[in-house]
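Here is start.pdb, consisting of PDB, C-alpha atoms (C1' of nucleotides):
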```pdb
MODEL        1
ATOM      1  CA  MET A 772     -84.284  -8.301  -8.402
ATOM      2  CA  ASN A 773     -82.866 -11.801  -8.261
ATOM      3  CA  THR A 774     -79.392 -13.066  -7.582
ATOM      4  CA  ARG A 775     -78.741 -13.872 -11.245
ATOM      5  CA  GLN A 776     -79.362 -10.301 -12.297
ATOM      6  CA  ILE A 777     -77.155  -8.997  -9.526
ATOM      7  CA  SER A 778     -74.414 -11.430 -10.546
ATOM      8  CA  GLU A 779     -74.450  -9.962 -14.037
ATOM      9  CA  ILE A 780     -74.235  -6.434 -12.695
ATOM     10  CA  PHE A 781     -71.352  -7.248 -10.367
ATOM     11  CA  LYS A 782     -69.477  -9.005 -13.149
ATOM     12  CA  SER A 783     -69.952  -6.035 -15.460
ATOM     13  CA  LYS A 784     -68.482  -3.824 -12.759
ATOM     14  CA  GLY A 785     -65.592  -6.201 -12.189
ATOM     15  CA  ILE A 786     -66.251  -6.794  -8.506
ATOM     16  CA  LYS A 787     -66.150 -10.156  -6.835
ATOM     17  CA  LEU A 788     -69.393 -11.947  -6.128
ATOM     18  CA  THR A 789     -69.936 -12.555  -2.422
ATOM     19  CA  PRO A 790     -73.146 -13.398  -0.577
ATOM     20  CA  GLN A 791     -72.627 -10.377   1.684
ATOM     21  CA  ARG A 792     -72.286  -7.918  -1.178
ATOM     22  CA  ILE A 793     -75.289  -9.376  -2.894
ATOM     23  CA  ALA A 794     -77.380  -9.102   0.250
ATOM     24  CA  VAL A 795     -76.327  -5.505   0.903
ATOM     25  CA  TYR A 796     -76.965  -4.400  -2.661
ATOM     26  CA  LYS A 797     -80.273  -6.238  -2.851
ATOM     27  CA  PHE A 798     -81.489  -4.587   0.325
ATOM     28  CA  VAL A 799     -80.512  -1.060  -0.671
ATOM     29  CA  LYS A 800     -81.864  -1.558  -4.175
ATOM     30  CA  GLU A 801     -85.216  -2.937  -3.081
ATOM     31  CA  ASN A 802     -85.696  -0.573  -0.149
ATOM     32  CA  PRO A 803     -85.443   3.018  -1.331
ATOM     33  CA  ILE A 804     -85.274   4.334   2.214
ATOM     34  CA  HIS A 805     -81.717   5.630   1.832
ATOM     35  CA  PRO A 806     -80.432   3.483   4.683
ATOM     36  CA  ASP A 807     -77.248   4.170   6.599
ATOM     37  CA  ALA A 808     -74.666   1.544   7.558
ATOM     38  CA  LEU A 809     -76.349   0.676  10.853
ATOM     39  CA  THR A 810     -79.749   0.169   9.235
ATOM     40  CA  VAL A 811     -78.206  -2.117   6.640
ATOM     41  CA  TYR A 812     -76.310  -4.001   9.324
ATOM     42  CA  GLU A 813     -79.405  -4.613  11.417
ATOM     43  CA  LYS A 814     -81.216  -5.994   8.404
ATOM     44  CA  MET A 815     -78.300  -8.197   7.454
ATOM     45  CA  ILE A 816     -77.964  -9.917  10.832
ATOM     46  CA  GLU A 817     -81.618 -10.944  10.693
ATOM     47  CA  ASN A 818     -80.720 -13.520   8.068
ATOM     48  CA  ASN A 819     -77.086 -13.988   8.929
ATOM     49  CA  PRO A 820     -76.212 -13.357  12.587
ATOM     50  CA  SER A 821     -72.477 -13.507  11.916
ATOM     51  CA  PHE A 822     -72.627 -10.663   9.381
ATOM     52  CA  SER A 823     -70.043  -8.152  10.510
ATOM     53  CA  LYS A 824     -70.514  -4.417  10.734
ATOM     54  CA  THR A 825     -67.130  -3.956   9.105
ATOM     55  CA  THR A 826     -68.369  -5.986   6.160
ATOM     56  CA  VAL A 827     -71.305  -3.630   5.793
ATOM     57  CA  TYR A 828     -68.901  -0.683   5.610
ATOM     58  CA  ASN A 829     -66.668  -2.563   3.183
ATOM     59  CA  CYS A 830     -69.558  -3.527   0.930
ATOM     60  CA  LEU A 831     -71.042  -0.048   0.922
ATOM     61  CA  GLN A 832     -67.673   1.400   0.016
ATOM     62  CA  THR A 833     -67.044  -1.100  -2.774
ATOM     63  CA  LEU A 834     -70.525  -0.663  -4.211
ATOM     64  CA  THR A 835     -70.105   3.102  -4.071
ATOM     65  CA  GLU A 836     -66.695   3.016  -5.734
ATOM     66  CA  CYS A 837     -67.956   0.937  -8.626
ATOM     67  CA  GLY A 838     -70.895   3.261  -9.117
ATOM     68  CA  LEU A 839     -73.749   1.054  -7.966
ATOM     69  CA  LEU A 840     -74.559   3.191  -4.940
ATOM     70  CA  THR A 841     -74.555   6.922  -4.319
ATOM     71  CA  PRO A 842     -73.797   8.289  -0.867
ATOM     72  CA  VAL A 843     -76.445  10.653   0.452
ATOM     73  CA  CYS A 844     -74.962  13.061   2.980
ATOM     74  CA  ILE A 845     -78.092  14.873   4.045
ATOM     75  CA  ASP A 846     -77.703  13.902   7.696
ATOM     76  CA  LYS A 847     -74.878  15.564   9.554
ATOM     77  CA  ASP A 848     -73.945  12.494  11.550
ATOM     78  CA  LYS A 849     -74.090   9.581   9.153
ATOM     79  CA  ILE A 850     -73.898   8.566   5.529
ATOM     80  CA  ARG A 851     -76.942   7.153   3.798
ATOM     81  CA  TYR A 852     -76.937   5.234   0.525
ATOM     82  CA  ASP A 853     -79.123   5.254  -2.564
ATOM     83  CA  ALA A 854     -79.209   2.573  -5.267
ATOM     84  CA  ASP A 855     -80.836   5.026  -7.672
ATOM     85  CA  THR A 856     -77.752   6.629  -9.172
ATOM     86  CA  SER A 857     -79.603   8.780 -11.699
ATOM     87  CA  PHE A 858     -79.617  12.554 -11.189
ATOM     88  CA  HIS A 859     -82.268  13.559  -8.676
ATOM     89  CA  GLY A 860     -82.643  15.591  -5.518
ATOM     90  CA  HIS A 861     -83.246  14.562  -1.916
ATOM     91  CA  PHE A 862     -85.624  16.254   0.468
ATOM     92  CA  LYS A 863     -85.376  15.620   4.191
ATOM     93  CA  CYS A 864     -88.326  16.405   6.418
ATOM     94  CA  SER A 865     -87.059  18.007   9.596
ATOM     95  CA  LYS A 866     -90.166  16.812  11.410
ATOM     96  CA  CYS A 867     -90.515  13.131  10.556
ATOM     97  CA  GLY A 868     -86.982  12.588   9.292
ATOM     98  CA  GLU A 869     -88.127  10.906   6.101
ATOM     99  CA  ILE A 870     -86.090  11.316   2.932
ATOM    100  CA  TYR A 871     -87.981  11.939  -0.304
ATOM    101  CA  ASP A 872     -86.586  11.733  -3.816
ATOM    102  CA  PHE A 873     -87.557  14.400  -6.294
ATOM    103  CA  LYS A 874     -86.843  15.044  -9.912
ATOM    104  CA  CYS A 875     -85.490  18.392 -10.979
ATOM    105  CA  THR A 876     -84.128  20.264 -13.931
ATOM    106  CA  ASP A 877     -80.457  20.982 -14.148
ATOM    107  CA  ASN A 878     -79.630  24.548 -13.252
ATOM    108  CA  GLU A 879     -77.377  27.172 -14.709
ATOM    109  CA  THR A 880     -74.223  27.917 -12.750
ATOM    110  CA  PHE A 881     -71.912  30.920 -12.681
ATOM    111  CA  GLY A 882     -68.349  31.024 -11.495
ATOM    112  CA  ILE A 883     -67.217  27.474 -12.149
ATOM    113  CA  ASP A 884     -66.447  27.686 -15.861
ATOM    114  CA  GLY A 885     -63.605  25.343 -16.654
ATOM    115  CA  PHE A 886     -64.351  23.202 -13.628
ATOM    116  CA  GLU A 887     -64.973  19.522 -14.255
ATOM    117  CA  VAL A 888     -68.145  18.618 -12.402
ATOM    118  CA  GLU A 889     -68.287  14.900 -11.614
ATOM    119  CA  GLN A 890     -71.101  14.833  -9.113
ATOM    120  CA  LYS A 891     -74.030  17.034  -8.235
ATOM    121  CA  ASP A 892     -75.855  16.664  -4.931
ATOM    122  CA  LEU A 893     -79.075  18.516  -4.222
ATOM    123  CA  TYR A 894     -80.242  18.407  -0.631
ATOM    124  CA  TYR A 895     -83.407  20.190   0.371
ATOM    125  CA  SER A 896     -84.960  20.256   3.792
ATOM    126  CA  GLY A 897     -88.128  21.536   5.369
ATOM    127  CA  ILE A 898     -91.556  20.121   6.183
ATOM    128  CA  CYS A 899     -93.018  17.405   4.027
ATOM    129  CA  LYS A 900     -96.573  17.398   2.762
ATOM    130  CA  ARG A 901     -97.713  14.749   5.213
ATOM    131  CA  CYS A 902     -96.342  16.613   8.239
ATOM    132  CA  LYS A 903     -97.862  19.914   7.059
ATOM    133  CA  LYS A 904    -101.240  18.216   6.667
TER
ATOM    134  CA  MET B 359     -66.126  44.041  10.198
ATOM    135  CA  ASN B 360     -65.723  45.615  13.619
ATOM    136  CA  THR B 361     -67.054  44.662  17.002
ATOM    137  CA  ARG B 362     -69.684  47.389  17.002
ATOM    138  CA  GLN B 363     -71.258  46.082  13.838
ATOM    139  CA  ILE B 364     -71.218  42.547  15.180
ATOM    140  CA  SER B 365     -72.827  43.750  18.403
ATOM    141  CA  GLU B 366     -75.713  45.194  16.437
ATOM    142  CA  ILE B 367     -76.160  41.970  14.509
ATOM    143  CA  PHE B 368     -76.121  39.823  17.640
ATOM    144  CA  LYS B 369     -78.626  42.123  19.360
ATOM    145  CA  SER B 370     -80.944  41.976  16.383
ATOM    146  CA  LYS B 371     -80.793  38.206  16.569
ATOM    147  CA  GLY B 372     -81.405  38.238  20.309
ATOM    148  CA  ILE B 373     -78.258  36.365  21.276
ATOM    149  CA  LYS B 374     -75.969  37.322  24.100
ATOM    150  CA  LEU B 375     -72.783  39.197  23.324
ATOM    151  CA  THR B 376     -69.681  37.281  24.374
ATOM    152  CA  PRO B 377     -66.082  37.779  23.294
ATOM    153  CA  GLN B 378     -65.922  34.163  22.171
ATOM    154  CA  ARG B 379     -68.961  34.406  19.936
ATOM    155  CA  ILE B 380     -67.727  37.617  18.445
ATOM    156  CA  ALA B 381     -64.330  36.089  17.700
ATOM    157  CA  VAL B 382     -65.846  32.991  16.105
ATOM    158  CA  TYR B 383     -68.265  34.940  13.970
ATOM    159  CA  LYS B 384     -65.652  37.483  12.943
ATOM    160  CA  PHE B 385     -63.289  34.730  11.839
ATOM    161  CA  VAL B 386     -65.855  32.816   9.801
ATOM    162  CA  LYS B 387     -67.211  36.019   8.302
ATOM    163  CA  GLU B 388     -63.848  37.393   7.276
ATOM    164  CA  ASN B 389     -62.375  34.095   6.106
ATOM    165  CA  PRO B 390     -64.613  32.534   3.486
ATOM    166  CA  ILE B 391     -62.766  29.239   3.632
ATOM    167  CA  HIS B 392     -65.754  27.340   5.043
ATOM    168  CA  PRO B 393     -63.840  26.287   8.153
ATOM    169  CA  ASP B 394     -64.805  23.343  10.335
ATOM    170  CA  ALA B 395     -64.839  23.390  14.143
ATOM    171  CA  LEU B 396     -61.212  22.328  14.477
ATOM    172  CA  THR B 397     -59.984  25.037  12.103
ATOM    173  CA  VAL B 398     -61.919  27.664  14.023
ATOM    174  CA  TYR B 399     -60.615  26.307  17.315
ATOM    175  CA  GLU B 400     -57.000  26.437  16.213
ATOM    176  CA  LYS B 401     -57.421  30.042  15.129
ATOM    177  CA  MET B 402     -59.134  30.986  18.361
ATOM    178  CA  ILE B 403     -56.427  29.656  20.670
ATOM    179  CA  GLU B 404     -53.847  31.763  18.877
ATOM    180  CA  ASN B 405     -55.287  34.848  20.551
ATOM    181  CA  ASN B 406     -56.840  33.190  23.581
ATOM    182  CA  PRO B 407     -55.108  29.989  24.687
ATOM    183  CA  SER B 408     -57.885  29.126  27.132
ATOM    184  CA  PHE B 409     -60.542  29.114  24.427
ATOM    185  CA  SER B 410     -62.292  25.784  24.727
ATOM    186  CA  LYS B 411     -63.159  23.440  21.912
ATOM    187  CA  THR B 412     -66.597  22.984  23.429
ATOM    188  CA  THR B 413     -67.103  26.717  23.197
ATOM    189  CA  VAL B 414     -66.335  26.583  19.515
ATOM    190  CA  TYR B 415     -69.028  23.943  19.049
ATOM    191  CA  ASN B 416     -71.453  25.933  21.207
ATOM    192  CA  CYS B 417     -70.821  29.162  19.316
ATOM    193  CA  LEU B 418     -71.128  27.526  15.918
ATOM    194  CA  GLN B 419     -74.409  25.955  16.964
ATOM    195  CA  THR B 420     -75.834  29.190  18.355
ATOM    196  CA  LEU B 421     -74.763  31.205  15.327
ATOM    197  CA  THR B 422     -76.264  28.576  13.061
ATOM    198  CA  GLU B 423     -79.549  28.464  14.969
ATOM    199  CA  CYS B 424     -79.994  32.209  14.775
ATOM    200  CA  GLY B 425     -79.284  32.188  11.059
ATOM    201  CA  LEU B 426     -75.892  33.872  10.971
ATOM    202  CA  LEU B 427     -74.058  30.789   9.754
ATOM    203  CA  THR B 428     -74.965  28.024   7.354
ATOM    204  CA  PRO B 429     -73.592  24.533   7.839
ATOM    205  CA  VAL B 430     -71.853  23.134   4.784
ATOM    206  CA  CYS B 431     -71.941  19.340   4.811
ATOM    207  CA  ILE B 432     -69.869  18.636   1.736
ATOM    208  CA  ASP B 433     -67.273  16.634   3.645
ATOM    209  CA  LYS B 434     -68.420  13.275   4.919
ATOM    210  CA  ASP B 435     -66.536  13.495   8.189
ATOM    211  CA  LYS B 436     -67.000  17.024   9.443
ATOM    212  CA  ILE B 437     -69.253  20.059   9.296
ATOM    213  CA  ARG B 438     -67.993  23.255   7.743
ATOM    214  CA  TYR B 439     -69.544  26.685   8.198
ATOM    215  CA  ASP B 440     -70.282  29.593   5.889
ATOM    216  CA  ALA B 441     -71.120  33.142   6.957
ATOM    217  CA  ASP B 442     -72.593  33.851   3.522
ATOM    218  CA  THR B 443     -76.151  32.707   4.095
ATOM    219  CA  SER B 444     -77.464  33.756   0.701
ATOM    220  CA  PHE B 445     -78.452  31.061  -1.789
ATOM    221  CA  HIS B 446     -75.412  29.708  -3.600
ATOM    222  CA  GLY B 447     -73.757  26.416  -4.404
ATOM    223  CA  HIS B 448     -70.561  24.822  -3.134
ATOM    224  CA  PHE B 449     -68.034  23.007  -5.258
ATOM    225  CA  LYS B 450     -65.431  20.776  -3.672
ATOM    226  CA  CYS B 451     -62.334  19.849  -5.606
ATOM    227  CA  SER B 452     -61.548  16.206  -4.985
ATOM    228  CA  LYS B 453     -57.911  16.868  -5.804
ATOM    229  CA  CYS B 454     -56.930  19.904  -3.726
ATOM    230  CA  GLY B 455     -59.844  19.801  -1.307
ATOM    231  CA  GLU B 456     -60.670  23.455  -1.788
ATOM    232  CA  ILE B 457     -64.284  24.612  -1.531
ATOM    233  CA  TYR B 458     -65.493  27.126  -4.109
ATOM    234  CA  ASP B 459     -68.699  29.131  -3.955
ATOM    235  CA  PHE B 460     -70.717  29.513  -7.098
ATOM    236  CA  LYS B 461     -73.871  31.329  -8.021
ATOM    237  CA  CYS B 462     -76.672  29.465  -9.701
ATOM    238  CA  THR B 463     -80.214  29.801 -10.854
ATOM    239  CA  ASP B 464     -82.960  28.154  -8.919
ATOM    240  CA  ASN B 465     -84.181  25.000 -10.561
ATOM    241  CA  GLU B 466     -87.577  23.522 -11.233
ATOM    242  CA  THR B 467     -88.538  20.557  -9.096
ATOM    243  CA  PHE B 468     -91.089  17.783  -9.552
ATOM    244  CA  GLY B 469     -92.601  15.598  -6.897
ATOM    245  CA  ILE B 470     -92.448  17.882  -3.871
ATOM    246  CA  ASP B 471     -95.521  20.018  -4.488
ATOM    247  CA  GLY B 472     -97.027  21.001  -1.171
ATOM    248  CA  PHE B 473     -93.702  20.546   0.592
ATOM    249  CA  GLU B 474     -92.367  23.520   2.534
ATOM    250  CA  VAL B 475     -88.748  23.951   1.491
ATOM    251  CA  GLU B 476     -86.757  25.797   4.143
ATOM    252  CA  GLN B 477     -83.255  25.147   2.950
ATOM    253  CA  LYS B 478     -81.586  24.211  -0.291
ATOM    254  CA  ASP B 479     -78.071  22.838  -0.386
ATOM    255  CA  LEU B 480     -76.216  22.383  -3.643
ATOM    256  CA  TYR B 481     -73.010  20.420  -3.410
ATOM    257  CA  TYR B 482     -70.947  19.785  -6.506
ATOM    258  CA  SER B 483     -67.652  17.974  -6.675
ATOM    259  CA  GLY B 484     -65.023  17.270  -9.290
ATOM    260  CA  ILE B 485     -61.779  18.858 -10.399
ATOM    261  CA  CYS B 486     -61.311  22.598 -10.102
ATOM    262  CA  LYS B 487     -59.897  24.776 -12.839
ATOM    263  CA  ARG B 488     -56.550  25.195 -11.125
ATOM    264  CA  CYS B 489     -56.028  21.452 -10.678
ATOM    265  CA  LYS B 490     -57.056  20.732 -14.273
ATOM    266  CA  LYS B 491     -54.564  23.354 -15.468
TER
ATOM    267  C1'  DA C1313     -58.324 -29.969  -6.244
ATOM    268  C1'  DA C1314     -54.717 -26.394  -5.429
ATOM    269  C1'  DT C1315     -53.471 -21.651  -5.466
ATOM    270  C1'  DT C1316     -53.837 -16.903  -4.659
ATOM    271  C1'  DA C1317     -55.613 -12.695  -4.061
ATOM    272  C1'  DT C1318     -59.585 -10.813  -2.155
ATOM    273  C1'  DT C1319     -63.037 -10.700   1.381
ATOM    274  C1'  DT C1320     -65.002 -11.397   5.861
ATOM    275  C1'  DT C1321     -64.743 -11.073  10.594
ATOM    276  C1'  DA C1322     -63.656  -9.328  15.289
ATOM    277  C1'  DT C1323     -61.329  -6.162  17.796
ATOM    278  C1'  DA C1324     -59.068  -1.992  18.476
ATOM    279  C1'  DA C1325     -58.189   2.725  17.137
ATOM    280  C1'  DT C1326     -59.601   7.229  15.433
ATOM    281  C1'  DA C1327     -62.033  11.393  15.189
ATOM    282  C1'  DA C1328     -65.994  14.459  15.337
ATOM    283  C1'  DT C1329     -69.420  15.723  18.225
ATOM    284  C1'  DT C1330     -72.245  15.838  22.469
ATOM    285  C1'  DA C1331     -73.189  15.498  27.596
ATOM    286  C1'  DC C1332     -72.255  17.167  31.868
ATOM    287  C1'  DA C1333     -71.119  19.895  35.915
ATOM    288  C1'  DA C1334     -68.587  23.586  38.085
ATOM    289  C1'  DG C1335     -66.983  28.128  37.683
ATOM    290  C1'  DT C1336     -67.610  32.615  35.207
ATOM    291  C1'  DT C1337     -69.850  36.408  33.109
ATOM    292  C1'  DA C1338     -73.300  39.352  30.354
ATOM    293  C1'  DA C1339     -77.505  41.617  30.860
ATOM    294  C1'  DC C1340     -80.775  43.558  33.656
ATOM    295  C1'  DA C1341     -82.865  45.506  37.869
ATOM    296  C1'  DT C1342     -82.221  47.820  41.630
TER
ATOM    297  C1'  DA D 501     -72.455  51.296  40.727
ATOM    298  C1'  DT D 502     -73.849  46.783  42.732
ATOM    299  C1'  DG D 503     -76.305  42.556  43.089
ATOM    300  C1'  DT D 504     -78.840  38.927  40.947
ATOM    301  C1'  DT D 505     -79.738  35.482  37.760
ATOM    302  C1'  DA D 506     -79.837  33.051  33.744
ATOM    303  C1'  DA D 507     -76.868  32.000  30.219
ATOM    304  C1'  DC D 508     -72.149  30.995  28.812
ATOM    305  C1'  DT D 509     -67.482  29.043  29.057
ATOM    306  C1'  DT D 510     -64.475  25.564  30.260
ATOM    307  C1'  DG D 511     -62.444  20.875  30.929
ATOM    308  C1'  DT D 512     -63.344  16.277  31.078
ATOM    309  C1'  DA D 513     -65.789  12.319  29.973
ATOM    310  C1'  DA D 514     -68.987   9.906  27.040
ATOM    311  C1'  DT D 515     -70.919   8.869  22.619
ATOM    312  C1'  DT D 516     -71.070   7.565  17.904
ATOM    313  C1'  DA D 517     -69.775   6.846  13.119
ATOM    314  C1'  DT D 518     -66.139   5.275  10.670
ATOM    315  C1'  DT D 519     -61.483   3.320   9.694
ATOM    316  C1'  DA D 520     -57.300   0.349  10.609
ATOM    317  C1'  DT D 521     -55.504  -4.068  11.368
ATOM    318  C1'  DA D 522     -54.630  -8.872  11.192
ATOM    319  C1'  DA D 523     -56.104 -13.570  11.111
ATOM    320  C1'  DA D 524     -59.399 -16.852   9.150
ATOM    321  C1'  DA D 525     -62.361 -17.835   5.247
ATOM    322  C1'  DT D 526     -63.645 -17.889   0.498
ATOM    323  C1'  DA D 527     -64.348 -16.705  -4.652
ATOM    324  C1'  DA D 528     -62.217 -17.077  -8.949
ATOM    325  C1'  DT D 529     -58.791 -19.232 -11.618
ATOM    326  C1'  DT D 530     -55.288 -22.764 -12.792
TER
ENDMDL
END
```
Take the structure in the file and write it out as structure tokens.
Amino acid sequence: MNTRQISEIFKSKGIKLTPQRIAVYKFVKENPIHPDALTVYEKMIENNPSFSKTTVYNCLQTLTECGLLTPVCIDKDKIRYDADTSFHGHFKCSKCGEIYDFKCTDNETFGIDGFEVEQKDLYYSGICKRCKK
Amino acid sequence: MNTRQISEIFKSKGIKLTPQRIAVYKFVKENPIHPDALTVYEKMIENNPSFSKTTVYNCLQTLTECGLLTPVCIDKDKIRYDADTSFHGHFKCSKCGEIYDFKCTDNETFGIDGFEVEQKDLYYSGICKRCKK
DNA sequence: AATTATTTTATAATAATTACAAGTTAACAT
DNA sequence: ATGTTAACTTGTAATTATTATAAAATAATT
């Protein structure tokens, strides 16, 4: 994903084009590891040592608000981010800590008729295939 | 739910019987509001002013580890707890902040064959019926 | 090239949670 | 009942993620 494509996306979302935002979005988009703010920050300062941690938080928030990123709250102590905003579940291995994406059917719900559902988060945890071996 | 019943439950789980644990469990069990540590703490000191905040955290952790409580991580900044450990979803209203339980069917998943799923968390958010009015 | 509102940056503040150590107590054995 | 011991409670301090703030820098527009 090149800068031109990202520029188009940002423009379509009506957010300002800054090198920091581009770098953050590019990293999260190209690395589907569901990184948290610190992971993003550490990657950012590799290429730009003056990149601020606050900027990482600001960018992640802006990108989330405009719908380009989805927060993944599967860890109890930090927020991760996913650039794949389509409906899918997340599985966290309690052994190796890895997060896996999985597809799933929508399920039938009872007791929230008349509720307006805007977001659905599916978080599974257990032992992944590799760790079960 | 009286103390005798709770005693039996704690014994069956192999955890020590302390007044603090009983009070915490009783409160979470009888008040399905999915309270966080601070909410529990504030309730506890009403009856026992020397109840420590650390004890609340300790009790919640112990009760969670032995399976009597389920953590509900639908808020990004704090952990809530639910004494209903059966499979069900949680809906958070982004307007009033209330958490609603809802029943739901299990759904079919793709891509995690061979994974051992130990826990499934379903977090929905949007506008509740009352706030839509 | 000038303007302006937005963004970046650094630092400080906030808030939830955890670590720790001393005193207390529940459970068990005598 | 009493004593023993490991586990628990308590208060304080430390940790960690995130947010608030304000000054300097910059993107978008005139």
Exercise for the section: Identify all residues satisfying the PyMOL selection byres ((chain B and resi 430) around 8) in the given file; provide them as a list of chain:residue names. Expected result: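 Listing what the PyMOL selection byres ((chain B and resi 430) around 8) selects in the shown file: B:His392, B:Thr428, B:Pro429, B:Cys431, B:Ile432, B:Ile437, B:Arg438, B:Tyr439, B:Asp440.
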Practice task
Please provide the set of residues having any atom within 9 Å of DT518 of chain D, restricted to all atoms listed in the file, with same-chain residues fewer than 2 positions apart removed, written as a list of chain:residue names.
Solution key: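 Selected residues are A:Tyr828, B:Asp435, C:DT1326, C:DA1327.
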What does the file look like for those residues with C-alpha atoms (C1' of nucleotides), as a short mmCIF file (atom, residue, chain, number, x, y, z; two decimals), keeping the file's coordinate frame?
```
data_model
loop_
_atom_site.label_atom_id
_atom_site.label_comp_id
_atom_site.auth_asym_id
_atom_site.auth_seq_id
_atom_site.Cartn_x
_atom_site.Cartn_y
_atom_site.Cartn_z
CA TYR A 828 -68.90 -0.68 5.61
CA ASP B 435 -66.54 13.50 8.19
"C1'" DT C 1326 -59.60 7.23 15.43
"C1'" DA C 1327 -62.03 11.39 15.19
#
```
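Among the candidate residues A:Ser778, A:Thr810, A:Ser857, A:Thr826, the one lying nearest to chain C is A:Thr826, with distances computed using only C-alpha atoms (C1' of nucleotides).
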Problem - Contact residues (chain C, partner chain A, 9 Å, all atoms listed in the file) as a list in words - result: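 Filtering chain C at 9 Å from chain A with all atoms listed in the file gives DT1318, DT1319, DT1320, DT1321, DA1322 and DT1329 of chain C.
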Problem - Residues returned when the PyMOL selection byres ((chain B) within 6 of (chain A)) runs on this file, as number ranges by chain - result: B: 460-463, 465-469, 472-487
Write out the residues from the selection above, keeping C-alpha atoms, as a compact mmCIF listing (two decimals), in the coordinates of the input.
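What ended up in part02.txt:
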```
# COMPACT_ATOMS: atom_id res chain seq x y z
CA PHE B 460 -70.72 29.51 -7.10
CA LYS B 461 -73.87 31.33 -8.02
CA CYS B 462 -76.67 29.46 -9.70
CA THR B 463 -80.21 29.80 -10.85
CA ASN B 465 -84.18 25.00 -10.56
CA GLU B 466 -87.58 23.52 -11.23
CA THR B 467 -88.54 20.56 -9.10
CA PHE B 468 -91.09 17.78 -9.55
CA GLY B 469 -92.60 15.60 -6.90
CA GLY B 472 -97.03 21.00 -1.17
CA PHE B 473 -93.70 20.55 0.59
CA GLU B 474 -92.37 23.52 2.53
CA VAL B 475 -88.75 23.95 1.49
CA GLU B 476 -86.76 25.80 4.14
CA GLN B 477 -83.26 25.15 2.95
CA LYS B 478 -81.59 24.21 -0.29
CA ASP B 479 -78.07 22.84 -0.39
CA LEU B 480 -76.22 22.38 -3.64
CA TYR B 481 -73.01 20.42 -3.41
CA TYR B 482 -70.95 19.78 -6.51
CA SER B 483 -67.65 17.97 -6.68
CA GLY B 484 -65.02 17.27 -9.29
CA ILE B 485 -61.78 18.86 -10.40
CA CYS B 486 -61.31 22.60 -10.10
CA LYS B 487 -59.90 24.78 -12.84
```
Exercise for the section: Could you list the residues chosen by the PyMOL selection byres ((chain D and resi 513) around 12) in this structure as JSON, numbers by chain? Expected result: {"C": [1330, 1331, 1332, 1333], "D": [511, 512, 514, 515]}
Wanna dump the chain D-chain B contacts at 9 Å for me, each residue with its shortest atom pair and the distance in Å to one decimal, counting all atoms listed in the file, ordered by chain and number, as CSV?
```
residue,atom,partner,partner_atom,distance
D:DA507,C1',B:Lys374,CA,8.2
D:DC508,C1',B:Thr376,CA,8.1
D:DT509,C1',B:Thr413,CA,6.3
D:DT510,C1',B:Ser410,CA,6.0
D:DG511,C1',B:Ser410,CA,7.9
D:DA517,C1',B:Asp435,CA,8.9
D:DT518,C1',B:Asp435,CA,8.6
```
Fill in the blank from the handout: A straight line from atom CA of Glu400 of chain B to atom CA of Val382 of chain B spans 11.0 Å
